[in-house]
Amino acid sequence: MPFMRGLRIVGGNRLSGTIAAHGAKNAVLPILAATVLCSRSEIKNCPDLSDVAVSCHILRHLGFAVERAGDTLTVTREDTGCRDVPPEWMRAMRSSILFLGGMLARCGSVTLCPPGGCALGGRPIDLHLSALRQMGAVITEEGDTLRCTAPGGLHGAAVRLPYPSVGATENLLIAAAGTPAETKITGAAAEPEITDLMAYLRACGALIESRPDGAILVQGREALTGCCHTILPDRIEAATYLAAAAITGGKVTVYASPEHLAAPLAALRRMGCRITTGEQSITLIAPERLQGAGNIVTLPYPGFPTDLQAIFMALAAAAEGYTAFTETVFPRRWAHVEELRRLGADITVAGSHAVIRGAPLIGSALTCTDLRAGAAVVLAALAARGESTVTAISHIERGYADFVPTLRHLGADICLTEV
Ligand code: UD1
């Protein structure tokens, strides 16, 4: 059997130092999908992630020239007339489905299959499809193929999302921005990455108003110009490195927006961490021993993010006392539990609830089951006594640029290896 790339980690080092968060994965992916509406876009602060590379492959297939210079991606329409997204790119990540809204608005048709992405329990796309159908899309499902057309073009609509789905809100915003009519969205998600997408679409020429009651009004245009846009810092990546400092008894400063991390920072304070913030910086000083966080309930923004549930479970596993999680966004997002148990974590799961009692962690052979679960097992291994190995690290590379060098810069004993 061939060797696979993995990680070797020796736990026990306290992490300390200063780092800047990269551009946010969950902002750059919808914005790259939205570039199909435009003639030329320059996107700055693009992290070098495998999911970003997949978006570039899809754009090239759809007839766009994509060039990277440092952390800037330039996307220019050349138009070869392709109206399909190949299944291998669709299945490589969840965000591939965000090309649907833009292609329907821009070209009036696209053929694709359901998207892939982290296995977090069921991840249907019914809300995306229903929202676009309300704008006039005709979508037929033939086996695994979705044939999507907009005979006569999409039209404006008043769409109420029954749940504030991040992806459905983004698909709808992109479709509405490329449709010369007014669309009203209620029940939309409010994540900072959605605000960033709206900023990009506005700069490209769409009129978008966010009402105080949460409603979004979009006056789209048939042809958007494109613009130069800088991706906001990744709040989940920033919180991951703060958590790495917390779990190892260290001190780390991260350049990212504290405003976007209010709920996770509150949980870290409950665990005994001292946190000071500037306008765009967060410094965490860990206590000698972390305390349990009490109750953590994942919710749509501004609630506690589901993407940090696994990472905070690693902290809870190493803390003194108990932490209880209720996962309301992806109620079966527990794949990391089995891996954390290999290190000695004491975790009980019942339905969408999990209770963790702190226990000594001891190095073990671990695997990444999805992106955030992978980051969580690495953090737990950094705090565990002795050596751990971690396999299937391609999951981590989907969402963390320079993960190993960054942890090494902060003082971790971690290296890439063959396992
Ligand atoms: C996005 C993020 C992901 C994050 C999640 C929740 C990206 C690329 N991914 O994923 O990192 O964990 O938001 O903050 O930005 N749902 C349906 N039908 C749909 C769509 C969603 O039932 O059509 C359900 C999902 O199964 C899930 C919940 O709604 O239970 C939230 O999903 P959603 O907000 O859409 O997450 P994603 O956009 O997939």
# chains A, B, ... in the order shown; residues from 1 in each chain; ligands from 1

call {"tool": "residues_around", "arguments": {"residues": "stretch 301-310 of chain A", "least_positions_apart": "3", "cutoff": "7 Å", "atoms": "only C-alpha atoms", "output": "list in words"}}
result
Ala190, Glu191, Ile236, Ala263, Pro264, Val297, Thr298, Met313, Ala314, Val329, His336, Arg372, Ala373 and Ala376 of chain A

call {"tool": "select_by_dssp", "arguments": {"residues": "stretch 150-218 of chain A", "states": "strand (DSSP E)", "output": "MDAnalysis selection string"}}
result
chainID A and resid 158:160 182:186 207:210 216:218

call {"tool": "write_last_selection", "arguments": {"atoms": "all heavy atoms", "output": "mmCIF file, in the first residue's frame"}}
result
data_model
loop_
_atom_site.group_PDB
_atom_site.id
_atom_site.type_symbol
_atom_site.label_atom_id
_atom_site.label_comp_id
_atom_site.auth_asym_id
_atom_site.auth_seq_id
_atom_site.Cartn_x
_atom_site.Cartn_y
_atom_site.Cartn_z
ATOM 1 N N ALA A 158 -40.676 37.711 -4.239
ATOM 2 C CA ALA A 158 -40.558 37.904 -2.787
ATOM 3 C C ALA A 158 -40.362 36.510 -2.212
ATOM 4 O O ALA A 158 -41.282 35.693 -2.231
ATOM 5 C CB ALA A 158 -41.818 38.553 -2.242
ATOM 6 N N VAL A 159 -39.156 36.211 -1.753
ATOM 7 C CA VAL A 159 -38.836 34.850 -1.314
ATOM 8 C C VAL A 159 -38.618 34.854 0.193
ATOM 9 O O VAL A 159 -37.807 35.634 0.714
ATOM 10 C CB VAL A 159 -37.566 34.316 -2.018
ATOM 11 C CG1 VAL A 159 -37.274 32.886 -1.579
ATOM 12 C CG2 VAL A 159 -37.706 34.399 -3.521
ATOM 13 N N ARG A 160 -39.341 33.964 0.881
ATOM 14 C CA ARG A 160 -39.115 33.815 2.330
ATOM 15 C C ARG A 160 -38.423 32.487 2.563
ATOM 16 O O ARG A 160 -38.955 31.434 2.180
ATOM 17 C CB ARG A 160 -40.455 33.838 3.081
ATOM 18 C CG ARG A 160 -40.290 33.950 4.601
ATOM 19 C CD ARG A 160 -41.612 33.758 5.316
ATOM 20 N NE ARG A 160 -42.097 32.375 5.187
ATOM 21 C CZ ARG A 160 -41.660 31.350 5.930
ATOM 22 N NH1 ARG A 160 -40.720 31.532 6.837
ATOM 23 N NH2 ARG A 160 -42.157 30.137 5.728
ATOM 24 N N GLU A 182 -36.637 43.457 -9.158
ATOM 25 C CA GLU A 182 -36.444 43.565 -7.709
ATOM 26 C C GLU A 182 -36.807 42.256 -7.022
ATOM 27 O O GLU A 182 -37.850 41.658 -7.293
ATOM 28 C CB GLU A 182 -37.302 44.697 -7.137
ATOM 29 C CG GLU A 182 -37.009 44.896 -5.655
ATOM 30 C CD GLU A 182 -37.705 46.120 -5.065
ATOM 31 O OE1 GLU A 182 -37.306 47.233 -5.431
ATOM 32 O OE2 GLU A 182 -38.614 45.938 -4.242
ATOM 33 N N THR A 183 -35.927 41.800 -6.147
ATOM 34 C CA THR A 183 -36.176 40.586 -5.356
ATOM 35 C C THR A 183 -36.105 40.956 -3.889
ATOM 36 O O THR A 183 -35.203 41.684 -3.468
ATOM 37 C CB THR A 183 -35.123 39.503 -5.683
ATOM 38 O OG1 THR A 183 -35.224 39.166 -7.067
ATOM 39 C CG2 THR A 183 -35.339 38.251 -4.859
ATOM 40 N N LYS A 184 -37.071 40.440 -3.123
ATOM 41 C CA LYS A 184 -37.066 40.671 -1.681
ATOM 42 C C LYS A 184 -36.825 39.338 -0.994
ATOM 43 O O LYS A 184 -37.524 38.350 -1.287
ATOM 44 C CB LYS A 184 -38.404 41.269 -1.237
ATOM 45 C CG LYS A 184 -38.451 41.567 0.253
ATOM 46 C CD LYS A 184 -39.788 42.178 0.651
ATOM 47 C CE LYS A 184 -39.790 42.482 2.139
ATOM 48 N NZ LYS A 184 -41.100 42.918 2.611
ATOM 49 N N ILE A 185 -35.822 39.290 -0.113
ATOM 50 C CA ILE A 185 -35.511 38.039 0.597
ATOM 51 C C ILE A 185 -35.801 38.262 2.073
ATOM 52 O O ILE A 185 -35.254 39.184 2.693
ATOM 53 C CB ILE A 185 -34.020 37.650 0.424
ATOM 54 C CG1 ILE A 185 -33.613 37.660 -1.057
ATOM 55 C CG2 ILE A 185 -33.743 36.288 1.049
ATOM 56 C CD1 ILE A 185 -32.114 37.495 -1.286
ATOM 57 N N THR A 186 -36.664 37.430 2.652
ATOM 58 C CA THR A 186 -36.852 37.465 4.104
ATOM 59 C C THR A 186 -36.424 36.117 4.673
ATOM 60 O O THR A 186 -36.399 35.107 3.964
ATOM 61 C CB THR A 186 -38.316 37.775 4.493
ATOM 62 O OG1 THR A 186 -39.171 36.923 3.736
ATOM 63 C CG2 THR A 186 -38.680 39.211 4.209
ATOM 64 N N LEU A 207 -27.922 46.895 -6.749
ATOM 65 C CA LEU A 207 -28.375 47.714 -5.618
ATOM 66 C C LEU A 207 -28.917 46.754 -4.558
ATOM 67 O O LEU A 207 -29.850 45.993 -4.832
ATOM 68 C CB LEU A 207 -29.473 48.685 -6.064
ATOM 69 C CG LEU A 207 -29.064 49.699 -7.137
ATOM 70 C CD1 LEU A 207 -30.269 50.541 -7.559
ATOM 71 C CD2 LEU A 207 -27.941 50.585 -6.627
ATOM 72 N N ILE A 208 -28.332 46.768 -3.383
ATOM 73 C CA ILE A 208 -28.754 45.831 -2.336
ATOM 74 C C ILE A 208 -28.941 46.605 -1.044
ATOM 75 O O ILE A 208 -28.024 47.296 -0.593
ATOM 76 C CB ILE A 208 -27.712 44.703 -2.118
ATOM 77 C CG1 ILE A 208 -27.436 43.986 -3.444
ATOM 78 C CG2 ILE A 208 -28.193 43.731 -1.063
ATOM 79 C CD1 ILE A 208 -26.432 42.852 -3.348
ATOM 80 N N GLU A 209 -30.152 46.468 -0.477
ATOM 81 C CA GLU A 209 -30.442 47.169 0.770
ATOM 82 C C GLU A 209 -30.741 46.138 1.853
ATOM 83 O O GLU A 209 -31.588 45.266 1.662
ATOM 84 C CB GLU A 209 -31.670 48.086 0.546
ATOM 85 C CG GLU A 209 -32.031 48.927 1.733
ATOM 86 C CD GLU A 209 -33.413 49.585 1.573
ATOM 87 O OE1 GLU A 209 -33.910 49.667 0.421
ATOM 88 O OE2 GLU A 209 -33.990 49.977 2.587
ATOM 89 N N SER A 210 -30.034 46.232 2.985
ATOM 90 C CA SER A 210 -30.336 45.369 4.137
ATOM 91 C C SER A 210 -31.219 46.164 5.076
ATOM 92 O O SER A 210 -30.777 47.166 5.629
ATOM 93 C CB SER A 210 -29.059 45.001 4.889
ATOM 94 O OG SER A 210 -28.352 44.046 4.198
ATOM 95 N N ILE A 216 -33.862 41.674 2.899
ATOM 96 C CA ILE A 216 -32.860 42.177 1.933
ATOM 97 C C ILE A 216 -33.585 42.488 0.627
ATOM 98 O O ILE A 216 -34.324 41.638 0.106
ATOM 99 C CB ILE A 216 -31.762 41.120 1.682
ATOM 100 C CG1 ILE A 216 -31.071 40.733 2.998
ATOM 101 C CG2 ILE A 216 -30.721 41.644 0.687
ATOM 102 C CD1 ILE A 216 -30.074 39.585 2.847
ATOM 103 N N LEU A 217 -33.385 43.707 0.120
ATOM 104 C CA LEU A 217 -33.966 44.088 -1.174
ATOM 105 C C LEU A 217 -32.853 44.146 -2.197
ATOM 106 O O LEU A 217 -31.838 44.815 -1.970
ATOM 107 C CB LEU A 217 -34.627 45.463 -1.080
ATOM 108 C CG LEU A 217 -35.913 45.567 -0.269
ATOM 109 C CD1 LEU A 217 -36.458 46.981 -0.331
ATOM 110 C CD2 LEU A 217 -36.950 44.577 -0.811
ATOM 111 N N VAL A 218 -33.039 43.442 -3.304
ATOM 112 C CA VAL A 218 -32.010 43.420 -4.350
ATOM 113 C C VAL A 218 -32.610 43.945 -5.649
ATOM 114 O O VAL A 218 -33.636 43.430 -6.108
ATOM 115 C CB VAL A 218 -31.487 41.981 -4.603
ATOM 116 C CG1 VAL A 218 -30.342 42.000 -5.629
ATOM 117 C CG2 VAL A 218 -31.036 41.314 -3.311
#

call {"tool": "closest_atom_pairs", "arguments": {"of": "chain A", "to": "ligand 1", "cutoff": "6 Å", "atoms": "only C-alpha atoms and all ligand atoms", "output": "JSON lines"}}
result
{"residue": "A:Asn26", "atom": "CA", "partner": "ligand 1", "partner_atom_place_in_ligand_line": "15 (O)", "distance": 4.1}
{"residue": "A:Ser95", "atom": "CA", "partner": "ligand 1", "partner_atom_place_in_ligand_line": "8 (C)", "distance": 5.1}
{"residue": "A:Gly122", "atom": "CA", "partner": "ligand 1", "partner_atom_place_in_ligand_line": "26 (O)", "distance": 5.4}
{"residue": "A:Arg123", "atom": "CA", "partner": "ligand 1", "partner_atom_place_in_ligand_line": "26 (O)", "distance": 3.9}
{"residue": "A:Pro124", "atom": "CA", "partner": "ligand 1", "partner_atom_place_in_ligand_line": "18 (N)", "distance": 4.5}
{"residue": "A:Ile125", "atom": "CA", "partner": "ligand 1", "partner_atom_place_in_ligand_line": "23 (O)", "distance": 3.2}
{"residue": "A:Asp126", "atom": "CA", "partner": "ligand 1", "partner_atom_place_in_ligand_line": "23 (O)", "distance": 4.0}
{"residue": "A:Leu127", "atom": "CA", "partner": "ligand 1", "partner_atom_place_in_ligand_line": "23 (O)", "distance": 3.5}
{"residue": "A:His128", "atom": "CA", "partner": "ligand 1", "partner_atom_place_in_ligand_line": "23 (O)", "distance": 4.9}
{"residue": "A:Ser165", "atom": "CA", "partner": "ligand 1", "partner_atom_place_in_ligand_line": "34 (O)", "distance": 3.4}
{"residue": "A:Val166", "atom": "CA", "partner": "ligand 1", "partner_atom_place_in_ligand_line": "34 (O)", "distance": 3.7}
{"residue": "A:Gly167", "atom": "CA", "partner": "ligand 1", "partner_atom_place_in_ligand_line": "38 (O)", "distance": 3.3}
{"residue": "A:Ala168", "atom": "CA", "partner": "ligand 1", "partner_atom_place_in_ligand_line": "35 (O)", "distance": 5.8}
{"residue": "A:Thr306", "atom": "CA", "partner": "ligand 1", "partner_atom_place_in_ligand_line": "12 (O)", "distance": 5.5}
{"residue": "A:Asp307", "atom": "CA", "partner": "ligand 1", "partner_atom_place_in_ligand_line": "12 (O)", "distance": 4.9}
{"residue": "A:Val329", "atom": "CA", "partner": "ligand 1", "partner_atom_place_in_ligand_line": "30 (O)", "distance": 4.8}
{"residue": "A:Phe330", "atom": "CA", "partner": "ligand 1", "partner_atom_place_in_ligand_line": "30 (O)", "distance": 4.4}

call {"tool": "write_last_selection", "arguments": {"atoms": "N, CA, C and O atoms", "output": "PDB file, in the first residue's frame"}}
result
ATOM      1  N   ASN A  26     -15.235  30.732   3.525  1.00  0.00           N
ATOM      2  CA  ASN A  26     -16.672  30.765   3.267  1.00  0.00           C
ATOM      3  C   ASN A  26     -17.137  32.089   2.664  1.00  0.00           C
ATOM      4  O   ASN A  26     -18.318  32.238   2.342  1.00  0.00           O
ATOM      5  N   SER A  95     -19.746  24.204  -1.977  1.00  0.00           N
ATOM      6  CA  SER A  95     -19.986  25.516  -2.588  1.00  0.00           C
ATOM      7  C   SER A  95     -20.156  25.468  -4.092  1.00  0.00           C
ATOM      8  O   SER A  95     -20.510  26.475  -4.703  1.00  0.00           O
ATOM      9  N   GLY A 122     -27.233  14.872   6.862  1.00  0.00           N
ATOM     10  CA  GLY A 122     -27.880  15.253   5.601  1.00  0.00           C
ATOM     11  C   GLY A 122     -27.577  16.702   5.238  1.00  0.00           C
ATOM     12  O   GLY A 122     -27.555  17.564   6.103  1.00  0.00           O
ATOM     13  N   ARG A 123     -27.299  16.957   3.958  1.00  0.00           N
ATOM     14  CA  ARG A 123     -27.114  18.342   3.516  1.00  0.00           C
ATOM     15  C   ARG A 123     -27.918  18.556   2.238  1.00  0.00           C
ATOM     16  O   ARG A 123     -27.364  18.651   1.146  1.00  0.00           O
ATOM     17  N   PRO A 124     -29.255  18.640   2.386  1.00  0.00           N
ATOM     18  CA  PRO A 124     -30.088  18.800   1.188  1.00  0.00           C
ATOM     19  C   PRO A 124     -29.915  20.180   0.556  1.00  0.00           C
ATOM     20  O   PRO A 124     -29.323  21.078   1.158  1.00  0.00           O
ATOM     21  N   ILE A 125     -30.433  20.330  -0.681  1.00  0.00           N
ATOM     22  CA  ILE A 125     -30.380  21.642  -1.362  1.00  0.00           C
ATOM     23  C   ILE A 125     -31.791  22.113  -1.720  1.00  0.00           C
ATOM     24  O   ILE A 125     -31.968  22.945  -2.594  1.00  0.00           O
ATOM     25  N   ASP A 126     -32.794  21.557  -1.009  1.00  0.00           N
ATOM     26  CA  ASP A 126     -34.182  21.892  -1.339  1.00  0.00           C
ATOM     27  C   ASP A 126     -34.460  23.389  -1.212  1.00  0.00           C
ATOM     28  O   ASP A 126     -35.206  23.968  -2.017  1.00  0.00           O
ATOM     29  N   LEU A 127     -33.849  24.056  -0.233  1.00  0.00           N
ATOM     30  CA  LEU A 127     -34.118  25.485  -0.049  1.00  0.00           C
ATOM     31  C   LEU A 127     -33.533  26.298  -1.207  1.00  0.00           C
ATOM     32  O   LEU A 127     -34.134  27.278  -1.654  1.00  0.00           O
ATOM     33  N   HIS A 128     -32.361  25.878  -1.714  1.00  0.00           N
ATOM     34  CA  HIS A 128     -31.763  26.554  -2.881  1.00  0.00           C
ATOM     35  C   HIS A 128     -32.726  26.437  -4.072  1.00  0.00           C
ATOM     36  O   HIS A 128     -33.029  27.417  -4.749  1.00  0.00           O
ATOM     37  N   SER A 165     -30.636  29.447   5.802  1.00  0.00           N
ATOM     38  CA  SER A 165     -29.538  28.677   5.201  1.00  0.00           C
ATOM     39  C   SER A 165     -28.517  29.631   4.587  1.00  0.00           C
ATOM     40  O   SER A 165     -28.875  30.516   3.793  1.00  0.00           O
ATOM     41  N   VAL A 166     -27.263  29.419   4.926  1.00  0.00           N
ATOM     42  CA  VAL A 166     -26.185  30.263   4.407  1.00  0.00           C
ATOM     43  C   VAL A 166     -26.110  30.113   2.884  1.00  0.00           C
ATOM     44  O   VAL A 166     -26.148  31.078   2.127  1.00  0.00           O
ATOM     45  N   GLY A 167     -26.025  28.865   2.419  1.00  0.00           N
ATOM     46  CA  GLY A 167     -25.859  28.608   0.993  1.00  0.00           C
ATOM     47  C   GLY A 167     -27.070  29.069   0.181  1.00  0.00           C
ATOM     48  O   GLY A 167     -26.911  29.659  -0.893  1.00  0.00           O
ATOM     49  N   ALA A 168     -28.290  28.802   0.683  1.00  0.00           N
ATOM     50  CA  ALA A 168     -29.483  29.193  -0.077  1.00  0.00           C
ATOM     51  C   ALA A 168     -29.557  30.718  -0.175  1.00  0.00           C
ATOM     52  O   ALA A 168     -29.909  31.269  -1.221  1.00  0.00           O
ATOM     53  N   THR A 306     -21.579  26.520  14.217  1.00  0.00           N
ATOM     54  CA  THR A 306     -21.430  25.062  14.161  1.00  0.00           C
ATOM     55  C   THR A 306     -20.016  24.680  13.721  1.00  0.00           C
ATOM     56  O   THR A 306     -19.495  23.646  14.117  1.00  0.00           O
ATOM     57  N   ASP A 307     -19.366  25.538  12.915  1.00  0.00           N
ATOM     58  CA  ASP A 307     -18.016  25.216  12.435  1.00  0.00           C
ATOM     59  C   ASP A 307     -16.985  25.229  13.562  1.00  0.00           C
ATOM     60  O   ASP A 307     -15.854  24.794  13.354  1.00  0.00           O
ATOM     61  N   VAL A 329     -27.658  23.234  14.192  1.00  0.00           N
ATOM     62  CA  VAL A 329     -27.516  23.527  12.755  1.00  0.00           C
ATOM     63  C   VAL A 329     -27.366  22.232  11.951  1.00  0.00           C
ATOM     64  O   VAL A 329     -28.074  22.015  10.955  1.00  0.00           O
ATOM     65  N   PHE A 330     -26.437  21.373  12.375  1.00  0.00           N
ATOM     66  CA  PHE A 330     -26.277  20.041  11.769  1.00  0.00           C
ATOM     67  C   PHE A 330     -26.376  19.023  12.918  1.00  0.00           C
ATOM     68  O   PHE A 330     -25.347  18.649  13.503  1.00  0.00           O
TER      69      PHE A 330
END

call {"tool": "closest_residue", "arguments": {"among": "A:Ala317, A:Ile97, A:Ala215, A:Ile285", "to": "A:Asn171", "atoms": "only C-alpha atoms"}}
result
A:Ile97

call {"tool": "closest_residue", "arguments": {"among": "A:Pro300, A:Val419, A:Ala223, A:Ile362", "to": "A:Tyr163", "atoms": "only C-alpha atoms"}}
result
A:Pro300

call {"tool": "closest_residue", "arguments": {"among": "A:Pro151, A:Gly205, A:Pro258, A:Gly399", "to": "A:Thr283", "atoms": "only C-alpha atoms"}}
result
A:Pro258

call {"tool": "closest_residue", "arguments": {"among": "A:Gly11, A:Gly136, A:Gly272, A:Gly17", "to": "A:His409", "atoms": "only C-alpha atoms"}}
result
A:Gly17

call {"tool": "residues_around", "arguments": {"residues": "A:Val254", "least_positions_apart": "5", "cutoff": "12 Å", "atoms": "only C-alpha atoms", "output": "PyMOL selection string"}}
result
chain A and resi 16-22+233-245+261+275-285+406+410

call {"tool": "write_last_selection", "arguments": {"atoms": "C-alpha atoms", "output": "compact mmCIF listing (two decimals), in the first residue's frame"}}
result
# COMPACT_ATOMS: atom_id res chain seq x y z
CA SER A 16 2.62 31.67 21.50
CA GLY A 17 3.05 34.40 18.90
CA THR A 18 1.15 36.63 16.46
CA ILE A 19 -0.52 35.68 13.19
CA ALA A 20 -2.92 37.19 10.66
CA ALA A 21 -6.00 35.23 9.57
CA HIS A 22 -6.14 34.48 5.84
CA PRO A 233 -10.48 37.67 7.41
CA ASP A 234 -11.53 34.12 8.26
CA ARG A 235 -13.25 34.13 11.66
CA ILE A 236 -13.26 30.34 11.92
CA GLU A 237 -9.55 30.10 11.16
CA ALA A 238 -8.84 32.90 13.67
CA ALA A 239 -10.84 31.12 16.36
CA THR A 240 -9.04 27.85 15.60
CA TYR A 241 -5.63 29.41 16.42
CA LEU A 242 -7.03 31.14 19.52
CA ALA A 243 -8.35 27.72 20.59
CA ALA A 244 -4.91 26.21 19.91
CA ALA A 245 -3.43 28.75 22.34
CA LEU A 261 -16.50 36.11 17.10
CA ILE A 275 -9.05 38.02 26.06
CA THR A 276 -8.29 41.55 24.95
CA THR A 277 -9.44 42.95 21.63
CA GLY A 278 -8.53 45.79 19.30
CA GLU A 279 -10.59 46.82 16.28
CA GLN A 280 -9.04 44.06 14.14
CA SER A 281 -7.07 41.97 16.65
CA ILE A 282 -7.71 39.46 19.40
CA THR A 283 -5.20 38.39 22.06
CA LEU A 284 -5.84 35.30 24.17
CA ILE A 285 -3.92 34.33 27.32
CA THR A 406 1.46 28.44 11.10
CA LEU A 410 3.53 29.37 17.06

call {"tool": "closest_atom_pairs", "arguments": {"of": "stretch 190-244 of chain A", "to": "stretch 72-88 of chain A", "cutoff": "10 Å", "atoms": "only C-alpha atoms", "output": "CSV"}}
result
residue,atom,partner,partner_atom,distance
A:Gly226,CA,A:Thr76,CA,9.2
A:Cys228,CA,A:Thr74,CA,9.0
A:His229,CA,A:Thr72,CA,9.6
A:Thr230,CA,A:Thr72,CA,8.8
A:Ile231,CA,A:Thr72,CA,9.9

call {"tool": "write_last_selection", "arguments": {"atoms": "C-alpha atoms", "output": "compact mmCIF listing (two decimals), in the first residue's frame"}}
result
# COMPACT_ATOMS: atom_id res chain seq x y z
CA GLY A 226 -17.05 43.46 -11.85
CA CYS A 228 -11.78 44.88 -7.10
CA HIS A 229 -12.76 43.31 -3.78
CA THR A 230 -10.77 42.23 -0.71
CA ILE A 231 -12.01 39.11 1.13

call {"tool": "atom_distance", "arguments": {"atom1": "atom CA of A:Gly249", "atom2": "atom CA of A:Ala380"}}
result
12.4 Å

call {"tool": "residues_around", "arguments": {"residues": "A:Ile194", "least_positions_apart": "2", "cutoff": "9 Å", "atoms": "only C-alpha atoms", "output": "ChimeraX atom specification"}}
result
/A:26-27,30,166,169-170,173,189-192,196-199

call {"tool": "write_last_selection", "arguments": {"atoms": "N, CA, C and O atoms", "output": "JSON list (two decimals), in the first residue's frame"}}
result
[["chain", "number", "residue", "atom", "x", "y", "z"],
["A", 26, "ASN", "N", -15.24, 30.73, 3.52],
["A", 26, "ASN", "CA", -16.67, 30.77, 3.27],
["A", 26, "ASN", "C", -17.14, 32.09, 2.66],
["A", 26, "ASN", "O", -18.32, 32.24, 2.34],
["A", 27, "ALA", "N", -16.21, 33.05, 2.50],
["A", 27, "ALA", "CA", -16.55, 34.27, 1.76],
["A", 27, "ALA", "C", -16.01, 34.19, 0.33],
["A", 27, "ALA", "O", -16.68, 34.57, -0.62],
["A", 30, "PRO", "N", -18.35, 31.79, -2.29],
["A", 30, "PRO", "CA", -19.53, 32.39, -2.96],
["A", 30, "PRO", "C", -19.15, 33.56, -3.87],
["A", 30, "PRO", "O", -19.77, 33.75, -4.91],
["A", 166, "VAL", "N", -27.26, 29.42, 4.93],
["A", 166, "VAL", "CA", -26.18, 30.26, 4.41],
["A", 166, "VAL", "C", -26.11, 30.11, 2.88],
["A", 166, "VAL", "O", -26.15, 31.08, 2.13],
["A", 169, "THR", "N", -29.21, 31.42, 0.92],
["A", 169, "THR", "CA", -29.21, 32.89, 0.88],
["A", 169, "THR", "C", -28.22, 33.37, -0.18],
["A", 169, "THR", "O", -28.51, 34.29, -0.96],
["A", 170, "GLU", "N", -27.03, 32.73, -0.22],
["A", 170, "GLU", "CA", -26.00, 33.17, -1.19],
["A", 170, "GLU", "C", -26.44, 32.90, -2.63],
["A", 170, "GLU", "O", -26.29, 33.76, -3.50],
["A", 173, "LEU", "N", -29.05, 35.49, -3.52],
["A", 173, "LEU", "CA", -28.46, 36.82, -3.69],
["A", 173, "LEU", "C", -27.76, 36.94, -5.04],
["A", 173, "LEU", "O", -27.89, 37.94, -5.74],
["A", 189, "ALA", "N", -29.98, 34.34, 5.97],
["A", 189, "ALA", "CA", -28.87, 34.19, 6.91],
["A", 189, "ALA", "C", -28.13, 35.52, 7.00],
["A", 189, "ALA", "O", -28.18, 36.33, 6.08],
["A", 190, "ALA", "N", -27.42, 35.72, 8.12],
["A", 190, "ALA", "CA", -26.78, 37.02, 8.36],
["A", 190, "ALA", "C", -25.29, 36.88, 8.67],
["A", 190, "ALA", "O", -24.69, 37.78, 9.26],
["A", 191, "GLU", "N", -24.67, 35.77, 8.25],
["A", 191, "GLU", "CA", -23.25, 35.55, 8.52],
["A", 191, "GLU", "C", -22.40, 36.67, 7.90],
["A", 191, "GLU", "O", -22.76, 37.22, 6.85],
["A", 192, "PRO", "N", -21.26, 37.00, 8.51],
["A", 192, "PRO", "CA", -20.39, 38.05, 7.95],
["A", 192, "PRO", "C", -19.98, 37.74, 6.51],
["A", 192, "PRO", "O", -19.77, 38.67, 5.72],
["A", 196, "ASP", "N", -20.13, 40.12, 3.20],
["A", 196, "ASP", "CA", -19.02, 40.32, 2.26],
["A", 196, "ASP", "C", -19.46, 40.08, 0.82],
["A", 196, "ASP", "O", -19.10, 40.83, -0.09],
["A", 197, "LEU", "N", -20.30, 39.04, 0.61],
["A", 197, "LEU", "CA", -20.83, 38.78, -0.74],
["A", 197, "LEU", "C", -21.65, 39.98, -1.21],
["A", 197, "LEU", "O", -21.54, 40.41, -2.37],
["A", 198, "MET", "N", -22.49, 40.54, -0.29],
["A", 198, "MET", "CA", -23.32, 41.68, -0.69],
["A", 198, "MET", "C", -22.44, 42.88, -1.04],
["A", 198, "MET", "O", -22.74, 43.62, -1.99],
["A", 199, "ALA", "N", -21.34, 43.06, -0.30],
["A", 199, "ALA", "CA", -20.43, 44.18, -0.59],
["A", 199, "ALA", "C", -19.84, 44.01, -1.99],
["A", 199, "ALA", "O", -19.74, 44.97, -2.76]]
